[in-house]
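Reading through the structure tokens given below for one structure.
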Amino acid sequence: MTDYEENKSINKPFTLFNNETGQSIEIPILSGTEGPNVLDIRSLYKETGMFTYDPGFTSTASCESSITYIDGNKGILRHRGYDINDLATNSDFLEVCYLLLHGDLPSPTDKIKFENVISNHTMLHEQIMDLYTGFRRDAHPMAIMVGVVGALSAFYHDSTDFSDINQRMIACHRLIGKIATIGAMAYKYSVGQPFVHPRNELSYVENFLHMTFSVPTEKYRLNPIISKAMDRFFILHADHEQNASTSTVRLAGSSGANPFACIAAGIASLWGPAHGGANEAVIKMLEEIKDIKNIPEFLNKAKDKNDPFRLMGFGHRVYKNYDPRANVMKKSAHLVLEELNMLDDPLLKIALELEKIALQDTYFIEKKLYPNVDFYSGIFLKSLGFPTSMFTVLFAIGRTVGWVSQWKEMIEDPINKIGRPRQLYKGKNSRNYQNVDSRDKRSIFQWLWKK
Ligand code: CMC
């Protein structure tokens, strides 16, 4: 039984008592369907004049949600009650999109309707395509994603009013449909190939592979094993509760910003190496390790408190057990490498060995650091021919449905308030303005430039 399971039965309010003043207040406890109970501190400031302090939100629930449930200690991830393994094995990406957006799996008729709706939103306005040429050829595709997705707000005025349910739904459908086209075109632009327009007779994933890899000079042959594995990759990345990028989307949306702007904010947040950029960082790390014999040196660096190096693809804020997505990702990577006759890929060998050694190392065992989804996704994507700079773009394509579902849930939540955290101020106290001539003559820049 985990700590929170023992505490789950406690539902009498907590009493917060101040020994010095004798003041006490009762803090109500709220229970979710699953997961830890939460202390409802909404009236804390009003009653005590104090805030809570929780950098990184390690103990803070920022909202109510019915979309995704994670039990990090047990390695459980469920969307709308369905286990990620079950979905990744038996479902398909668009069905999971429907599930996340609407709460249930679609009926056979709704499944077809939804597929049609999304495929009718895959095309981009011709002038959006002009935007690409404004970027340098060597622009990081995530920079293009942030720019182009943000720019959608300037093209689709009929779906930016979040207070209208129809506009909300159209915005969600547009974002899911167009994000794959935007990502594929970011790739095409970076390699100097012509844009390939979407083809509606293909499935979502086939269409994406076609737009990414086909060229006008020859017929592109879709490989069903690769299409299935790519579909699974998108399912594995579809949503992950209140992570940094999703919280960014919610925070941006809480001010009433339009959905396209909110998703652009989420993409920017995903870009960082501690979040979506980790799969790119894993490949860079494996390439740097170069040889199995160098693994101990890198493990020592990761364990050294004075060295900022971390083992990329290891550890997770929530999972203190194997990341359930990592298991599926590892199998997918294997299947694809086998199909492509790449099982003797040197990076795969280093990754397998690194995983084996790290999982036996006391540092990683004690800190509960296990491989996360990114550990194998980089190898998987590299084997398909994606450059590392595209890895986070692919994560963003899969995650867009999670972002829009969470955004929609927030807008429809009657408790919704503008997100406005407080702070523990450690700056200067009040002081008087000094005229420039009467200030200290030393320059901060001399010191900076010397460094
Ligand atoms: N390598 C070495 N040490 C680590 C690692 C790692 N990958 N991750 C955590 N630690 C250590 C860390 O130094 C700290 O040690 P100490 O207690 O001695 O100070 C302890 O473990 C706890 O780390 P933390 O930074 O407090 O944990 P966190 O929950 O804030 O960070 C994390 C989670 C994912 C940012 C971190 O594990 C990390 O940087 N991992 C590498 C990057 C990575 O793979 N990110 C992908 C996350 S999965 C994709 C997604 O869902 O977005």
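Residue numbering restarts at 1 in every chain; chains get A, B, ... in the order shown in the structure tokens, and ligands count up from 1 in that same order.
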Leaving out Phe364 (chain A) and any residue of its chain fewer than 5 positions from it, which residues lie within 10 Å of it when counting only C-alpha atoms, given as a list of chain:residue names?
A:Leu299, A:Ala302, A:Lys303, A:Phe314, A:Gly315, A:Ile357, A:Ala358, A:Leu359, A:Leu369, A:Tyr370
Spatial neighbours of Trp407 (chain A), 7 Å, only C-alpha atoms, chain gap at least 3 places, as a list in words
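Everything that qualifies: Val249, Arg250, Gly253, Trp403, Val404, Met410 and Ile411 of chain A.
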List as a list in words the protein and nucleic acid residues near Ser190 (chain A), meaning an atom at most 8 Å away when only C-alpha atoms are counted, but skip any in the same chain fewer than 5 places from it.
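Once the nearby chain positions are removed, what remains is Arg137, Asp138, Ala139 and Pro141 of chain A.
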CA of Ile67 (chain A) to CA of Ala171 (chain A): how many Å, to one decimal?
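Between CA of Ile67 (chain A) and CA of Ala171 (chain A) the gap is 18.8 Å.
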Env of region 68-72 of chain A: 12 Å cut, atoms = only C-alpha atoms, seq-sep filter 2 positions within chain, self excluded. Answer as a compact mmCIF listing (two decimals) with N, CA and C atoms, in the first residue's frame.
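Below is the file that was written, part_19.txt:
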```txt
# COMPACT_ATOMS: atom_id res chain seq x y z
N THR A 2 0.62 2.18 -0.90
CA THR A 2 1.43 3.41 -0.94
C THR A 2 0.92 4.39 0.13
N TYR A 4 -0.24 7.32 -0.11
CA TYR A 4 -1.49 8.02 -0.38
C TYR A 4 -2.70 7.09 -0.22
N GLU A 5 -2.47 5.78 -0.46
CA GLU A 5 -3.60 4.86 -0.30
C GLU A 5 -4.02 4.78 1.16
N GLY A 32 -10.67 12.48 -5.20
CA GLY A 32 -10.94 12.21 -6.61
C GLY A 32 -11.42 10.77 -6.74
N THR A 33 -11.70 10.33 -7.98
CA THR A 33 -12.10 8.93 -8.16
C THR A 33 -10.95 8.00 -7.79
N GLU A 34 -9.74 8.42 -8.17
CA GLU A 34 -8.53 7.67 -7.82
C GLU A 34 -7.45 8.68 -7.49
N GLY A 35 -6.34 8.19 -6.96
CA GLY A 35 -5.23 9.10 -6.66
C GLY A 35 -5.34 9.71 -5.28
N PRO A 36 -4.29 10.44 -4.88
CA PRO A 36 -4.27 11.01 -3.53
C PRO A 36 -5.41 11.99 -3.30
N GLU A 64 -9.22 20.29 -11.58
CA GLU A 64 -9.91 18.99 -11.61
C GLU A 64 -9.85 18.51 -13.03
N SER A 65 -9.65 17.22 -13.26
CA SER A 65 -9.65 16.73 -14.63
C SER A 65 -10.17 15.29 -14.68
N SER A 66 -10.83 14.94 -15.77
CA SER A 66 -11.36 13.58 -15.93
C SER A 66 -10.71 12.90 -17.13
N LYS A 74 2.92 2.92 -9.26
CA LYS A 74 2.59 1.62 -9.84
C LYS A 74 2.85 1.56 -11.34
N GLY A 75 3.25 2.68 -11.93
CA GLY A 75 3.49 2.69 -13.38
C GLY A 75 2.19 2.56 -14.18
N ILE A 76 1.14 3.24 -13.71
CA ILE A 76 -0.16 3.17 -14.40
C ILE A 76 -0.43 4.47 -15.16
N LEU A 77 -0.88 4.33 -16.40
CA LEU A 77 -1.34 5.49 -17.18
C LEU A 77 -2.64 5.09 -17.87
N ARG A 78 -3.71 5.83 -17.58
CA ARG A 78 -5.01 5.53 -18.21
C ARG A 78 -5.61 6.79 -18.79
N HIS A 79 -6.21 6.63 -19.98
CA HIS A 79 -6.97 7.74 -20.56
C HIS A 79 -8.45 7.40 -20.46
N ARG A 80 -9.19 8.28 -19.80
CA ARG A 80 -10.64 8.08 -19.64
C ARG A 80 -10.93 6.66 -19.13
N GLY A 81 -10.04 6.13 -18.29
CA GLY A 81 -10.23 4.80 -17.69
C GLY A 81 -9.58 3.66 -18.45
N TYR A 82 -9.13 3.89 -19.68
CA TYR A 82 -8.53 2.80 -20.48
C TYR A 82 -7.01 2.80 -20.32
N ASP A 83 -6.46 1.61 -20.07
CA ASP A 83 -5.02 1.47 -19.88
C ASP A 83 -4.25 1.78 -21.17
N ILE A 84 -3.13 2.47 -21.03
CA ILE A 84 -2.36 2.88 -22.20
C ILE A 84 -1.92 1.69 -23.05
N VAL A 96 -8.27 7.28 -30.26
CA VAL A 96 -7.80 7.81 -28.97
C VAL A 96 -8.06 9.32 -28.91
N LEU A 99 -11.60 9.68 -28.00
CA LEU A 99 -11.76 9.31 -26.59
C LEU A 99 -11.35 10.47 -25.67
N LEU A 100 -10.20 11.06 -25.95
CA LEU A 100 -9.71 12.15 -25.10
C LEU A 100 -10.63 13.37 -25.18
N LEU A 101 -11.07 13.68 -26.38
CA LEU A 101 -11.92 14.86 -26.57
C LEU A 101 -13.32 14.69 -26.00
N GLY A 103 -14.59 11.75 -24.18
CA GLY A 103 -14.79 11.00 -22.93
C GLY A 103 -15.07 9.53 -23.10
N ALA A 238 -0.20 10.99 -26.65
CA ALA A 238 -1.43 11.77 -26.81
C ALA A 238 -1.77 12.66 -25.61
N ASP A 239 -1.55 12.18 -24.41
CA ASP A 239 -1.82 13.05 -23.25
C ASP A 239 -1.04 12.54 -22.06
N HIS A 240 -0.74 13.43 -21.14
CA HIS A 240 -0.02 12.98 -19.96
C HIS A 240 -0.33 13.88 -18.78
N GLU A 241 -1.63 14.14 -18.58
CA GLU A 241 -2.06 14.86 -17.39
C GLU A 241 -1.45 16.27 -17.31
N GLN A 242 -1.17 16.79 -16.14
CA GLN A 242 -0.83 18.23 -16.02
C GLN A 242 0.68 18.50 -16.09
N ASN A 243 1.34 17.99 -17.12
CA ASN A 243 2.79 18.22 -17.31
C ASN A 243 3.05 19.69 -17.68
N THR A 246 1.18 21.02 -20.93
CA THR A 246 -0.28 21.06 -20.74
C THR A 246 -0.65 22.15 -19.76
N GLY A 315 14.42 8.83 -15.54
CA GLY A 315 13.80 9.62 -14.48
C GLY A 315 12.52 10.27 -14.97
N HIS A 316 11.65 10.55 -14.03
CA HIS A 316 10.39 11.21 -14.37
C HIS A 316 9.81 11.81 -13.11
N ARG A 317 9.23 12.99 -13.24
CA ARG A 317 8.63 13.64 -12.08
C ARG A 317 7.57 12.76 -11.43
N VAL A 318 6.80 12.05 -12.24
CA VAL A 318 5.68 11.30 -11.68
C VAL A 318 5.98 9.81 -11.55
N TYR A 319 6.60 9.22 -12.57
CA TYR A 319 6.83 7.77 -12.51
C TYR A 319 8.02 7.46 -11.63
N LYS A 320 7.77 6.75 -10.55
CA LYS A 320 8.88 6.29 -9.71
C LYS A 320 8.95 4.77 -9.87
N ASN A 321 8.58 4.33 -11.01
CA ASN A 321 8.57 2.94 -11.43
C ASN A 321 8.74 3.03 -12.94
N TYR A 322 8.85 1.90 -13.63
CA TYR A 322 9.02 1.94 -15.08
C TYR A 322 7.89 2.75 -15.74
N ASP A 323 8.23 3.67 -16.61
CA ASP A 323 7.23 4.44 -17.36
C ASP A 323 6.48 3.45 -18.27
N PRO A 324 5.16 3.28 -18.08
CA PRO A 324 4.44 2.26 -18.87
C PRO A 324 4.56 2.50 -20.38
N ARG A 325 4.77 3.75 -20.77
CA ARG A 325 4.91 4.05 -22.20
C ARG A 325 6.24 3.54 -22.74
N LYS A 368 14.99 5.84 -7.72
CA LYS A 368 13.87 5.36 -8.55
C LYS A 368 13.89 5.98 -9.93
N LEU A 369 15.04 5.92 -10.56
CA LEU A 369 15.19 6.47 -11.92
C LEU A 369 15.13 5.33 -12.93
N TYR A 370 14.06 5.30 -13.68
CA TYR A 370 13.84 4.26 -14.69
C TYR A 370 13.79 4.91 -16.07
N ASN A 372 12.36 6.43 -19.31
CA ASN A 372 11.06 7.00 -19.65
C ASN A 372 10.80 6.81 -21.14
N GLY A 402 -4.13 16.00 -26.70
CA GLY A 402 -4.16 16.14 -25.25
C GLY A 402 -4.31 17.60 -24.86
N TRP A 403 -3.54 18.45 -25.51
CA TRP A 403 -3.61 19.89 -25.19
C TRP A 403 -5.01 20.43 -25.46
N SER A 405 -7.83 18.84 -25.67
CA SER A 405 -8.83 18.24 -24.76
C SER A 405 -8.77 18.90 -23.39
N GLN A 406 -7.54 19.15 -22.91
CA GLN A 406 -7.38 19.77 -21.59
C GLN A 406 -7.83 21.23 -21.63
N GLU A 409 -11.60 21.16 -21.66
CA GLU A 409 -12.11 20.81 -20.33
C GLU A 409 -12.04 22.03 -19.39
```
Surrounding residues of Ile267 (chain A) excluding itself and chain neighbours under 5 positions, 7 Å, only C-alpha atoms, as a count of residues only
3
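With distances restricted to only C-alpha atoms, A:Met142 is the closest residue to Phe395 (chain A) from A:Met285, A:Met142, A:Ala333, A:Met169.
Residues within 10 Å of region 336-351 of chain A, counting only C-alpha atoms and excluding same-chain residues fewer than 6 positions away, are Asn223, Ile225, Ile226, Ser227, Lys228, Ala229, Met230, Val282, Ile283, Met285, Leu286, Glu287, Ile289, Lys290, Asp291, Ile292, Lys293, Asn294, Ile295, Ile357, Phe375, Tyr376, Gly378, Ile379, Phe380, Leu381, Lys382, Ser383 and Leu384 of chain A.
Nearest to ligand 1 of all the residues A:Arg439, A:Lys408, A:Lys301, A:Arg431 is A:Lys301, counting only C-alpha atoms and all ligand atoms.
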As JSON, numbers by chain, please: all residues of region 219-417 of chain A that backbone DSSP puts in alpha helix (DSSP H).
{"A": [224, 225, 226, 227, 228, 229, 230, 231, 232, 233, 234, 235, 236, 244, 245, 246, 247, 248, 249, 250, 251, 252, 253, 254, 259, 260, 261, 262, 263, 264, 265, 266, 267, 268, 269, 270, 278, 279, 280, 281, 282, 283, 284, 285, 286, 287, 288, 289, 295, 296, 297, 298, 299, 300, 301, 302, 303, 324, 325, 326, 327, 328, 329, 330, 331, 332, 333, 334, 335, 336, 337, 338, 339, 346, 347, 348, 349, 350, 351, 352, 353, 354, 355, 356, 357, 358, 359, 362, 363, 364, 365, 366, 373, 374, 375, 376, 377, 378, 379, 380, 381, 382, 383, 391, 392, 393, 394, 395, 396, 397, 398, 399, 400, 401, 402, 403, 404, 405, 406, 407, 408, 409, 410, 411, 412]}
